[in-house]
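Reproduced below: my_file_38.pdb, with PDB, C-alpha atoms and all ligand atoms.
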ATOM      1  CA  MET U   3     124.802 136.052 104.346  1.00  0.00           C
ATOM      2  CA  PRO U   4     126.143 132.532 104.989  1.00  0.00           C
ATOM      3  CA  GLN U   5     123.606 130.239 106.632  1.00  0.00           C
ATOM      4  CA  PRO U   6     124.636 128.343 109.770  1.00  0.00           C
ATOM      5  CA  PRO U   7     125.239 124.662 108.955  1.00  0.00           C
ATOM      6  CA  ARG U   8     122.202 122.471 109.473  1.00  0.00           C
ATOM      7  CA  PRO U   9     122.688 119.658 111.979  1.00  0.00           C
ATOM      8  CA  ALA U  10     123.144 116.263 110.333  1.00  0.00           C
ATOM      9  CA  LEU U  11     119.969 114.216 110.125  1.00  0.00           C
ATOM     10  CA  PRO U  12     120.289 110.761 111.665  1.00  0.00           C
ATOM     11  CA  PHE U  13     119.057 108.183 109.167  1.00  0.00           C
ATOM     12  CA  SER U  14     117.372 104.803 109.372  1.00  0.00           C
ATOM     13  CA  GLN U  15     116.795 102.888 106.130  1.00  0.00           C
ATOM     14  CA  ALA U  16     114.314 100.634 107.960  1.00  0.00           C
ATOM     15  CA  CYS U  17     112.099 103.664 108.691  1.00  0.00           C
ATOM     16  CA  GLU U  18     112.099 104.589 105.012  1.00  0.00           C
ATOM     17  CA  ASN U  19     111.109 101.030 104.109  1.00  0.00           C
ATOM     18  CA  ASN U  20     108.366 100.439 106.674  1.00  0.00           C
ATOM     19  CA  ARG U  21     106.733 103.861 106.999  1.00  0.00           C
ATOM     20  CA  ALA U  22     104.196 103.497 104.152  1.00  0.00           C
ATOM     21  CA  PRO U  23     102.769 100.096 105.219  1.00  0.00           C
ATOM     22  CA  ILE U  24     102.608 101.282 108.841  1.00  0.00           C
ATOM     23  CA  LEU U  25     100.820 104.472 107.806  1.00  0.00           C
ATOM     24  CA  GLU U  26      98.220 102.499 105.877  1.00  0.00           C
ATOM     25  CA  VAL U  27      97.243 100.683 109.085  1.00  0.00           C
ATOM     26  CA  LEU U  28      97.404 103.768 111.319  1.00  0.00           C
ATOM     27  CA  GLN U  29      95.071 105.698 109.018  1.00  0.00           C
ATOM     28  CA  THR U  30      92.316 103.274 109.996  1.00  0.00           C
ATOM     29  CA  ALA U  31      93.439 102.194 113.470  1.00  0.00           C
ATOM     30  CA  PHE U  32      93.934 105.752 114.752  1.00  0.00           C
ATOM     31  CA  ALA U  33      90.877 107.266 113.011  1.00  0.00           C
ATOM     32  CA  GLY U  34      88.781 109.044 115.632  1.00  0.00           C
ATOM     33  CA  LEU U  35      91.688 109.464 118.058  1.00  0.00           C
ATOM     34  CA  ARG U  36      93.408 112.791 118.674  1.00  0.00           C
ATOM     35  CA  HIS U  37      96.655 112.646 120.604  1.00  0.00           C
ATOM     36  CA  VAL U  38      99.377 110.038 120.088  1.00  0.00           C
ATOM     37  CA  LEU U  39     102.480 109.433 122.153  1.00  0.00           C
ATOM     38  CA  GLU U  40     105.308 107.862 120.166  1.00  0.00           C
ATOM     39  CA  ILE U  41     107.590 105.863 122.474  1.00  0.00           C
ATOM     40  CA  GLY U  42     111.213 105.557 121.337  1.00  0.00           C
ATOM     41  CA  SER U  43     111.005 107.915 118.342  1.00  0.00           C
ATOM     42  CA  GLY U  44     114.596 107.091 117.350  1.00  0.00           C
ATOM     43  CA  THR U  45     115.765 109.253 114.470  1.00  0.00           C
ATOM     44  CA  GLY U  46     112.398 111.057 114.240  1.00  0.00           C
ATOM     45  CA  GLN U  47     111.835 109.943 110.646  1.00  0.00           C
ATOM     46  CA  HIS U  48     108.576 108.166 111.423  1.00  0.00           C
ATOM     47  CA  SER U  49     107.150 111.245 113.129  1.00  0.00           C
ATOM     48  CA  VAL U  50     107.836 113.616 110.214  1.00  0.00           C
ATOM     49  CA  TYR U  51     106.273 111.143 107.791  1.00  0.00           C
ATOM     50  CA  PHE U  52     103.197 110.259 109.853  1.00  0.00           C
ATOM     51  CA  ALA U  53     102.241 113.661 111.295  1.00  0.00           C
ATOM     52  CA  PRO U  54     101.344 115.441 108.025  1.00  0.00           C
ATOM     53  CA  ARG U  55      99.539 112.327 106.779  1.00  0.00           C
ATOM     54  CA  LEU U  56      97.477 111.956 109.983  1.00  0.00           C
ATOM     55  CA  PRO U  57      96.501 115.611 110.411  1.00  0.00           C
ATOM     56  CA  HIS U  58      93.670 114.835 112.872  1.00  0.00           C
ATOM     57  CA  LEU U  59      96.296 113.721 115.417  1.00  0.00           C
ATOM     58  CA  ILE U  60      98.786 115.620 117.529  1.00  0.00           C
ATOM     59  CA  TRP U  61     101.964 113.533 117.118  1.00  0.00           C
ATOM     60  CA  GLN U  62     104.035 113.744 120.302  1.00  0.00           C
ATOM     61  CA  THR U  63     107.516 112.257 120.020  1.00  0.00           C
ATOM     62  CA  SER U  64     109.549 110.925 122.955  1.00  0.00           C
ATOM     63  CA  ASP U  65     112.812 109.131 123.564  1.00  0.00           C
ATOM     64  CA  LEU U  66     115.939 109.082 125.683  1.00  0.00           C
ATOM     65  CA  THR U  67     117.519 112.555 125.812  1.00  0.00           C
ATOM     66  CA  GLU U  68     120.458 111.486 123.638  1.00  0.00           C
ATOM     67  CA  ASN U  69     118.123 111.204 120.622  1.00  0.00           C
ATOM     68  CA  HIS U  70     116.357 114.535 121.034  1.00  0.00           C
ATOM     69  CA  ALA U  71     118.724 116.631 118.905  1.00  0.00           C
ATOM     70  CA  GLY U  72     118.340 114.301 115.934  1.00  0.00           C
ATOM     71  CA  ILE U  73     114.545 114.210 116.236  1.00  0.00           C
ATOM     72  CA  ALA U  74     114.456 118.002 116.496  1.00  0.00           C
ATOM     73  CA  ALA U  75     116.665 118.293 113.397  1.00  0.00           C
ATOM     74  CA  TRP U  76     114.173 116.191 111.420  1.00  0.00           C
ATOM     75  CA  HIS U  77     111.313 118.323 112.735  1.00  0.00           C
ATOM     76  CA  ALA U  78     113.137 121.496 111.657  1.00  0.00           C
ATOM     77  CA  SER U  79     113.654 120.107 108.171  1.00  0.00           C
ATOM     78  CA  ARG U  80     110.062 118.779 107.775  1.00  0.00           C
ATOM     79  CA  PRO U  81     107.857 120.955 109.972  1.00  0.00           C
ATOM     80  CA  ALA U  82     104.191 120.107 110.475  1.00  0.00           C
ATOM     81  CA  PRO U  83     101.690 121.937 112.692  1.00  0.00           C
ATOM     82  CA  ASN U  84     100.687 118.763 114.561  1.00  0.00           C
ATOM     83  CA  LEU U  85     104.228 117.549 115.264  1.00  0.00           C
ATOM     84  CA  ARG U  86     105.673 117.962 118.757  1.00  0.00           C
ATOM     85  CA  LEU U  87     109.312 118.052 119.849  1.00  0.00           C
ATOM     86  CA  PRO U  88     110.438 115.074 121.928  1.00  0.00           C
ATOM     87  CA  LEU U  89     109.692 114.615 125.588  1.00  0.00           C
ATOM     88  CA  ARG U  90     112.102 112.591 127.687  1.00  0.00           C
ATOM     89  CA  LEU U  91     110.630 109.163 128.226  1.00  0.00           C
ATOM     90  CA  ASP U  92     113.054 106.590 129.577  1.00  0.00           C
ATOM     91  CA  LEU U  93     111.009 103.494 130.362  1.00  0.00           C
ATOM     92  CA  GLN U  94     113.526 102.663 133.074  1.00  0.00           C
ATOM     93  CA  ALA U  95     113.075 105.892 134.977  1.00  0.00           C
ATOM     94  CA  ASP U  96     110.172 108.049 133.882  1.00  0.00           C
ATOM     95  CA  GLY U  97     106.438 108.058 134.382  1.00  0.00           C
ATOM     96  CA  TRP U  98     103.770 108.688 131.761  1.00  0.00           C
ATOM     97  CA  PRO U  99     104.392 112.125 130.242  1.00  0.00           C
ATOM     98  CA  GLN U 100     101.926 114.958 130.668  1.00  0.00           C
ATOM     99  CA  THR U 101     101.467 117.814 128.222  1.00  0.00           C
ATOM    100  CA  ARG U 102      99.288 120.906 128.133  1.00  0.00           C
ATOM    101  CA  GLU U 103      97.424 119.433 125.171  1.00  0.00           C
ATOM    102  CA  GLY U 104      95.375 116.956 127.136  1.00  0.00           C
ATOM    103  CA  ALA U 105      95.555 113.239 127.683  1.00  0.00           C
ATOM    104  CA  PHE U 106      96.984 110.816 125.144  1.00  0.00           C
ATOM    105  CA  ASP U 107      94.397 108.487 123.643  1.00  0.00           C
ATOM    106  CA  ALA U 108      96.844 106.627 121.388  1.00  0.00           C
ATOM    107  CA  ALA U 109     100.413 105.393 121.446  1.00  0.00           C
ATOM    108  CA  PHE U 110     102.818 104.063 118.836  1.00  0.00           C
ATOM    109  CA  SER U 111     106.149 102.338 119.227  1.00  0.00           C
ATOM    110  CA  SER U 112     108.353 100.842 116.544  1.00  0.00           C
ATOM    111  CA  ASN U 113     111.256  98.463 116.972  1.00  0.00           C
ATOM    112  CA  THR U 114     111.544  98.943 120.709  1.00  0.00           C
ATOM    113  CA  ALA U 115     110.173  95.731 122.277  1.00  0.00           C
ATOM    114  CA  HIS U 116     113.170  93.668 121.105  1.00  0.00           C
ATOM    115  CA  ILE U 117     115.675  96.388 122.045  1.00  0.00           C
ATOM    116  CA  VAL U 118     114.766  97.240 125.623  1.00  0.00           C
ATOM    117  CA  ALA U 119     114.883  94.689 128.454  1.00  0.00           C
ATOM    118  CA  TRP U 120     111.740  92.615 128.995  1.00  0.00           C
ATOM    119  CA  SER U 121     111.187  94.413 132.315  1.00  0.00           C
ATOM    120  CA  LEU U 122     110.876  97.653 130.314  1.00  0.00           C
ATOM    121  CA  VAL U 123     108.423  96.094 127.864  1.00  0.00           C
ATOM    122  CA  GLN U 124     106.405  95.159 130.963  1.00  0.00           C
ATOM    123  CA  ARG U 125     106.714  98.745 132.232  1.00  0.00           C
ATOM    124  CA  MET U 126     105.589 100.122 128.862  1.00  0.00           C
ATOM    125  CA  PHE U 127     102.399  98.032 128.939  1.00  0.00           C
ATOM    126  CA  ALA U 128     101.791  98.902 132.594  1.00  0.00           C
ATOM    127  CA  LEU U 129     101.965 102.619 131.719  1.00  0.00           C
ATOM    128  CA  LEU U 130      99.727 102.150 128.681  1.00  0.00           C
ATOM    129  CA  GLY U 131      97.166 100.214 130.696  1.00  0.00           C
ATOM    130  CA  ALA U 132      97.187 102.798 133.458  1.00  0.00           C
ATOM    131  CA  HIS U 133      96.907 105.880 131.244  1.00  0.00           C
ATOM    132  CA  LEU U 134      95.111 105.133 127.977  1.00  0.00           C
ATOM    133  CA  PRO U 135      91.372 105.731 128.198  1.00  0.00           C
ATOM    134  CA  ALA U 136      88.857 103.055 127.247  1.00  0.00           C
ATOM    135  CA  GLY U 137      88.906 102.825 123.453  1.00  0.00           C
ATOM    136  CA  GLY U 138      92.457 104.194 123.304  1.00  0.00           C
ATOM    137  CA  LYS U 139      94.810 102.322 120.996  1.00  0.00           C
ATOM    138  CA  PHE U 140      98.432 101.164 121.031  1.00  0.00           C
ATOM    139  CA  ALA U 141     100.212 100.157 117.823  1.00  0.00           C
ATOM    140  CA  LEU U 142     103.449  98.181 118.272  1.00  0.00           C
ATOM    141  CA  TYR U 143     105.668  97.477 115.257  1.00  0.00           C
ATOM    142  CA  GLY U 144     108.524  94.995 115.067  1.00  0.00           C
ATOM    143  CA  PRO U 145     109.537  91.361 114.609  1.00  0.00           C
ATOM    144  CA  PHE U 146     107.921  88.711 116.823  1.00  0.00           C
ATOM    145  CA  ASN U 147     108.138  84.953 117.253  1.00  0.00           C
ATOM    146  CA  TYR U 148     104.993  82.814 117.020  1.00  0.00           C
ATOM    147  CA  GLY U 149     104.497  79.553 118.899  1.00  0.00           C
ATOM    148  CA  GLY U 150     108.092  79.838 120.086  1.00  0.00           C
ATOM    149  CA  ASN U 151     109.384  79.829 116.486  1.00  0.00           C
ATOM    150  CA  TYR U 152     111.115  82.359 114.310  1.00  0.00           C
ATOM    151  CA  THR U 153     109.132  83.393 111.253  1.00  0.00           C
ATOM    152  CA  SER U 154     112.222  83.618 109.046  1.00  0.00           C
ATOM    153  CA  ASP U 155     115.935  82.845 108.957  1.00  0.00           C
ATOM    154  CA  SER U 156     116.671  86.559 108.913  1.00  0.00           C
ATOM    155  CA  ASN U 157     114.716  87.055 112.156  1.00  0.00           C
ATOM    156  CA  ARG U 158     116.648  84.168 113.734  1.00  0.00           C
ATOM    157  CA  ALA U 159     119.968  85.734 112.722  1.00  0.00           C
ATOM    158  CA  PHE U 160     118.791  89.139 113.957  1.00  0.00           C
ATOM    159  CA  ASP U 161     117.769  87.688 117.326  1.00  0.00           C
ATOM    160  CA  LEU U 162     121.119  85.966 117.815  1.00  0.00           C
ATOM    161  CA  TRP U 163     122.908  89.193 116.906  1.00  0.00           C
ATOM    162  CA  LEU U 164     120.762  91.187 119.356  1.00  0.00           C
ATOM    163  CA  ARG U 165     121.328  88.772 122.247  1.00  0.00           C
ATOM    164  CA  GLU U 166     125.076  88.667 121.663  1.00  0.00           C
ATOM    165  CA  ARG U 167     125.165  92.445 121.778  1.00  0.00           C
ATOM    166  CA  ASP U 168     122.889  92.744 124.828  1.00  0.00           C
ATOM    167  CA  ALA U 169     121.602  89.654 126.603  1.00  0.00           C
ATOM    168  CA  ARG U 170     118.527  91.579 127.829  1.00  0.00           C
ATOM    169  CA  SER U 171     117.333  92.257 124.281  1.00  0.00           C
ATOM    170  CA  GLY U 172     115.868  89.861 121.721  1.00  0.00           C
ATOM    171  CA  LEU U 173     112.738  89.013 119.771  1.00  0.00           C
ATOM    172  CA  ARG U 174     109.645  88.625 121.930  1.00  0.00           C
ATOM    173  CA  ASP U 175     106.971  85.956 121.653  1.00  0.00           C
ATOM    174  CA  PHE U 176     103.746  87.298 120.219  1.00  0.00           C
ATOM    175  CA  GLU U 177     101.711  85.190 122.662  1.00  0.00           C
ATOM    176  CA  THR U 178     103.633  86.512 125.685  1.00  0.00           C
ATOM    177  CA  VAL U 179     103.194  90.094 124.538  1.00  0.00           C
ATOM    178  CA  GLN U 180      99.493  89.521 123.941  1.00  0.00           C
ATOM    179  CA  SER U 181      99.098  88.031 127.392  1.00  0.00           C
ATOM    180  CA  LEU U 182     101.040  90.921 128.993  1.00  0.00           C
ATOM    181  CA  ALA U 183      98.804  93.374 127.167  1.00  0.00           C
ATOM    182  CA  ARG U 184      95.660  91.553 128.297  1.00  0.00           C
ATOM    183  CA  ASN U 185      96.850  91.705 131.902  1.00  0.00           C
ATOM    184  CA  HIS U 186      96.957  95.485 131.565  1.00  0.00           C
ATOM    185  CA  GLY U 187      93.510  95.776 129.991  1.00  0.00           C
ATOM    186  CA  LEU U 188      94.651  95.958 126.363  1.00  0.00           C
ATOM    187  CA  ALA U 189      92.980  93.548 123.945  1.00  0.00           C
ATOM    188  CA  LEU U 190      94.539  92.627 120.619  1.00  0.00           C
ATOM    189  CA  GLU U 191      92.468  94.242 117.889  1.00  0.00           C
ATOM    190  CA  ALA U 192      94.588  93.226 114.916  1.00  0.00           C
ATOM    191  CA  ASP U 193      97.891  91.625 113.962  1.00  0.00           C
ATOM    192  CA  HIS U 194      99.030  92.974 110.598  1.00  0.00           C
ATOM    193  CA  ALA U 195     101.728  91.357 108.481  1.00  0.00           C
ATOM    194  CA  MET U 196     104.353  93.878 107.444  1.00  0.00           C
ATOM    195  CA  PRO U 197     107.219  93.625 104.943  1.00  0.00           C
ATOM    196  CA  ALA U 198     110.485  91.923 105.923  1.00  0.00           C
ATOM    197  CA  ASN U 199     108.825  89.566 108.421  1.00  0.00           C
ATOM    198  CA  ASN U 200     107.677  92.294 110.766  1.00  0.00           C
ATOM    199  CA  ARG U 201     104.248  92.760 112.351  1.00  0.00           C
ATOM    200  CA  LEU U 202     102.123  95.669 113.442  1.00  0.00           C
ATOM    201  CA  LEU U 203     100.098  94.737 116.529  1.00  0.00           C
ATOM    202  CA  VAL U 204      97.161  96.994 117.382  1.00  0.00           C
ATOM    203  CA  PHE U 205      95.751  96.863 120.913  1.00  0.00           C
ATOM    204  CA  VAL U 206      92.661  98.597 122.244  1.00  0.00           C
ATOM    205  CA  ARG U 207      92.214  99.609 125.876  1.00  0.00           C
ATOM    206  CA  GLN U 208      89.158  97.904 127.284  1.00  0.00           C
ATOM    207  CA  GLY U 209      86.551  99.722 129.375  1.00  0.00           C
ATOM    208  CA  VAL U 210      87.578 100.278 132.984  1.00  0.00           C
TER     209      VAL U 210
HETATM  210  C1  LIG I   1     115.862 100.315 117.201  1.00  0.00           C
HETATM  211  S1  LIG I   1     115.494 101.914 117.817  1.00  0.00           S
HETATM  212  C2  LIG I   1     113.923 102.226 117.038  1.00  0.00           C
HETATM  213  C3  LIG I   1     113.704 103.665 116.778  1.00  0.00           C
HETATM  214  C4  LIG I   1     112.497 104.013 115.929  1.00  0.00           C
HETATM  215  N1  LIG I   1     111.264 103.829 116.659  1.00  0.00           N
HETATM  216  C5  LIG I   1     112.491 103.225 114.651  1.00  0.00           C
HETATM  217  O1  LIG I   1     111.575 102.452 114.407  1.00  0.00           O
HETATM  218  O2  LIG I   1     113.446 103.402 113.888  1.00  0.00           O
HETATM  219  C6  LIG I   1     115.072 101.641 119.512  1.00  0.00           C
HETATM  220  C7  LIG I   1     114.632 102.872 120.248  1.00  0.00           C
HETATM  221  O3  LIG I   1     114.359 102.542 121.604  1.00  0.00           O
HETATM  222  C8  LIG I   1     114.813 103.609 122.400  1.00  0.00           C
HETATM  223  N2  LIG I   1     115.061 103.175 123.773  1.00  0.00           N
HETATM  224  C9  LIG I   1     116.084 102.420 124.228  1.00  0.00           C
HETATM  225  N3  LIG I   1     115.997 102.284 125.563  1.00  0.00           N
HETATM  226  C10 LIG I   1     114.899 102.967 125.958  1.00  0.00           C
HETATM  227  C11 LIG I   1     114.297 103.236 127.215  1.00  0.00           C
HETATM  228  N4  LIG I   1     114.838 102.770 128.348  1.00  0.00           N
HETATM  229  N5  LIG I   1     113.189 103.987 127.253  1.00  0.00           N
HETATM  230  C12 LIG I   1     112.645 104.483 126.113  1.00  0.00           C
HETATM  231  N6  LIG I   1     113.169 104.263 124.889  1.00  0.00           N
HETATM  232  C13 LIG I   1     114.290 103.537 124.816  1.00  0.00           C
HETATM  233  C14 LIG I   1     116.089 104.043 121.707  1.00  0.00           C
HETATM  234  O4  LIG I   1     116.542 105.304 122.143  1.00  0.00           O
HETATM  235  C15 LIG I   1     115.668 104.000 120.265  1.00  0.00           C
HETATM  236  O5  LIG I   1     115.064 105.182 119.854  1.00  0.00           O
END
Just give me the structure as structure tokens.
Ligand SMILES: C[S@@+](CC[C@H](N)C(=O)[O-])C[C@H]1O[C@@H](n2cnc3c(N)ncnc32)[C@H](O)[C@@H]1O
Amino acid sequence: MPQPPRPALPFSQACENNRAPILEVLQTAFAGLRHVLEIGSGTGQHSVYFAPRLPHLIWQTSDLTENHAGIAAWHASRPAPNLRLPLRLDLQADGWPQTREGAFDAAFSSNTAHIVAWSLVQRMFALLGAHLPAGGKFALYGPFNYGGNYTSDSNRAFDLWLRERDARSGLRDFETVQSLARNHGLALEADHAMPANNRLLVFVRQGV
């Protein structure tokens, strides 16, 4: 009996390259937490890699609807019992998602802060501050500037390329992001160096 063709899997080489160093941090940072919301899951590659390696967590994906089929295709090809199909979360339009599996006490987002408009980065932190419980964590991966400076020539070139493509996008200043987070009750717990001049920022929700 011929099998129906499998949908093509969207592919990101960056996800393949950064997933292991990110996982190493999440194994410690998300220890003791139980339910993570991934914001902007993209292809879904991160979710299928992280979920089986962080089996104490329920890994809930989310993104704009246009990416759901690709994420679901990855989930079908690499199933894991703690992996959840994507919810629609458009930072422009949607509120904090609810599921039947209880509140989220963690969130993860990779390579989104320099893609979406700054107003949506602000919205993301407002949602996180409003909904994560005290002790909840947020891990944000991507390139950042420090002291108003690029950390590499490749980040400078990337930023110029981003801004030419969409003037609302671009690398964010670490200090501005940290201050935004603080204003929403999220304190920086750690700033991890990652390969290719990226960072993994871990924030913890302070007591309310
Ligand atoms: C560069 S991709 C990163 C995807 C994935 N996290 C990764 O690391 O490969 C940026 C992601 O942001 C998502 N995104 C763009 N606009 C968004 C919005 N308004 N709300 C939520 N996510 C958005 C895109 O759909 C895409 O998945």
*asked:* Could you list, as a list in words, every residue within 8 Å of range 202-208 of chain U, counting all atoms listed in the file and ignoring same-chain residues fewer than 5 positions away?
replied: Ile24, Ala31, Gly131, Leu134, Pro135, Ala136, Gly137, Gly138, Lys139, Phe140, Ala141, Leu142, Tyr143, Gly144, Ala183, Gly187, Leu188, Ala189, Leu190, Glu191, Ala192, Asp193, His194, Ala195 and Met196 of chain U
*Residues within 6 Å of ligand LIG 1 (chain I), counting only C-alpha atoms and all ligand atoms: report them as a PyMOL selection string.*
chain U and resi 17+42-44+65-66+91-94+111-114+117-118
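Between CA of Pro197 in chain U and CA of Arg158 in chain U the interatomic distance comes to 16.0 Å.
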*Please tell me which residues are no farther than 10 Å from (102.9, 113.5, 118.3) in the file, counting all atoms listed in the file, and write them as a list in words.*
Arg36, His37, Val38, Leu39, Glu40, Ile41, Ser43, Ser49, Val50, Phe52, Ala53, Leu59, Ile60, Trp61, Gln62, Thr63, Ser64, Asn84, Leu85, Arg86, Leu87, Pro88, Phe106, Ala108, Ala109 and Phe110 of chain U
*Please write as number ranges by chain the full residue list that the PyMOL selection byres (((chain U and resi 170-173) around 8) and not hetatm) yields on this file.*
U: 115-120, 145-147, 161-162, 164-165, 168-169, 174-175
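Atom pair CA of Pro4 in chain U / CA of Ile73 in chain U has a distance of 24.4 Å (rounded to one decimal).
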_Using all atoms listed in the file, list the residues that have an atom at most 10 Å from (108.3, 79.7, 121.5), coordinates as in the file, as a list in words._
Asn147, Tyr148, Gly149, Gly150, Asn151, Tyr152, Arg174, Asp175, Phe176, Glu177 and Thr178 of chain U
*Could you please determine the separation between CA of Ala128 in chain U and CA of Glu26 in chain U in Å, to one decimal place?*
27.2 Å
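Distance check against Pro57 in chain U using all atoms listed in the file: of U:Pro23, U:Pro99, U:Gly209, U:Pro83, the minimum falls on U:Pro83.
Across U:Val179, U:Gln47, U:Thr67, U:Asn200, the tightest approach to Ser154 in chain U is made by U:Asn200 when counting only C-alpha atoms.
Residue nearest Leu182 in chain U within the list U:His70, U:Arg125, U:Arg55, U:His133: U:Arg125 [criterion: smallest interatomic distance, all atoms listed in the file].
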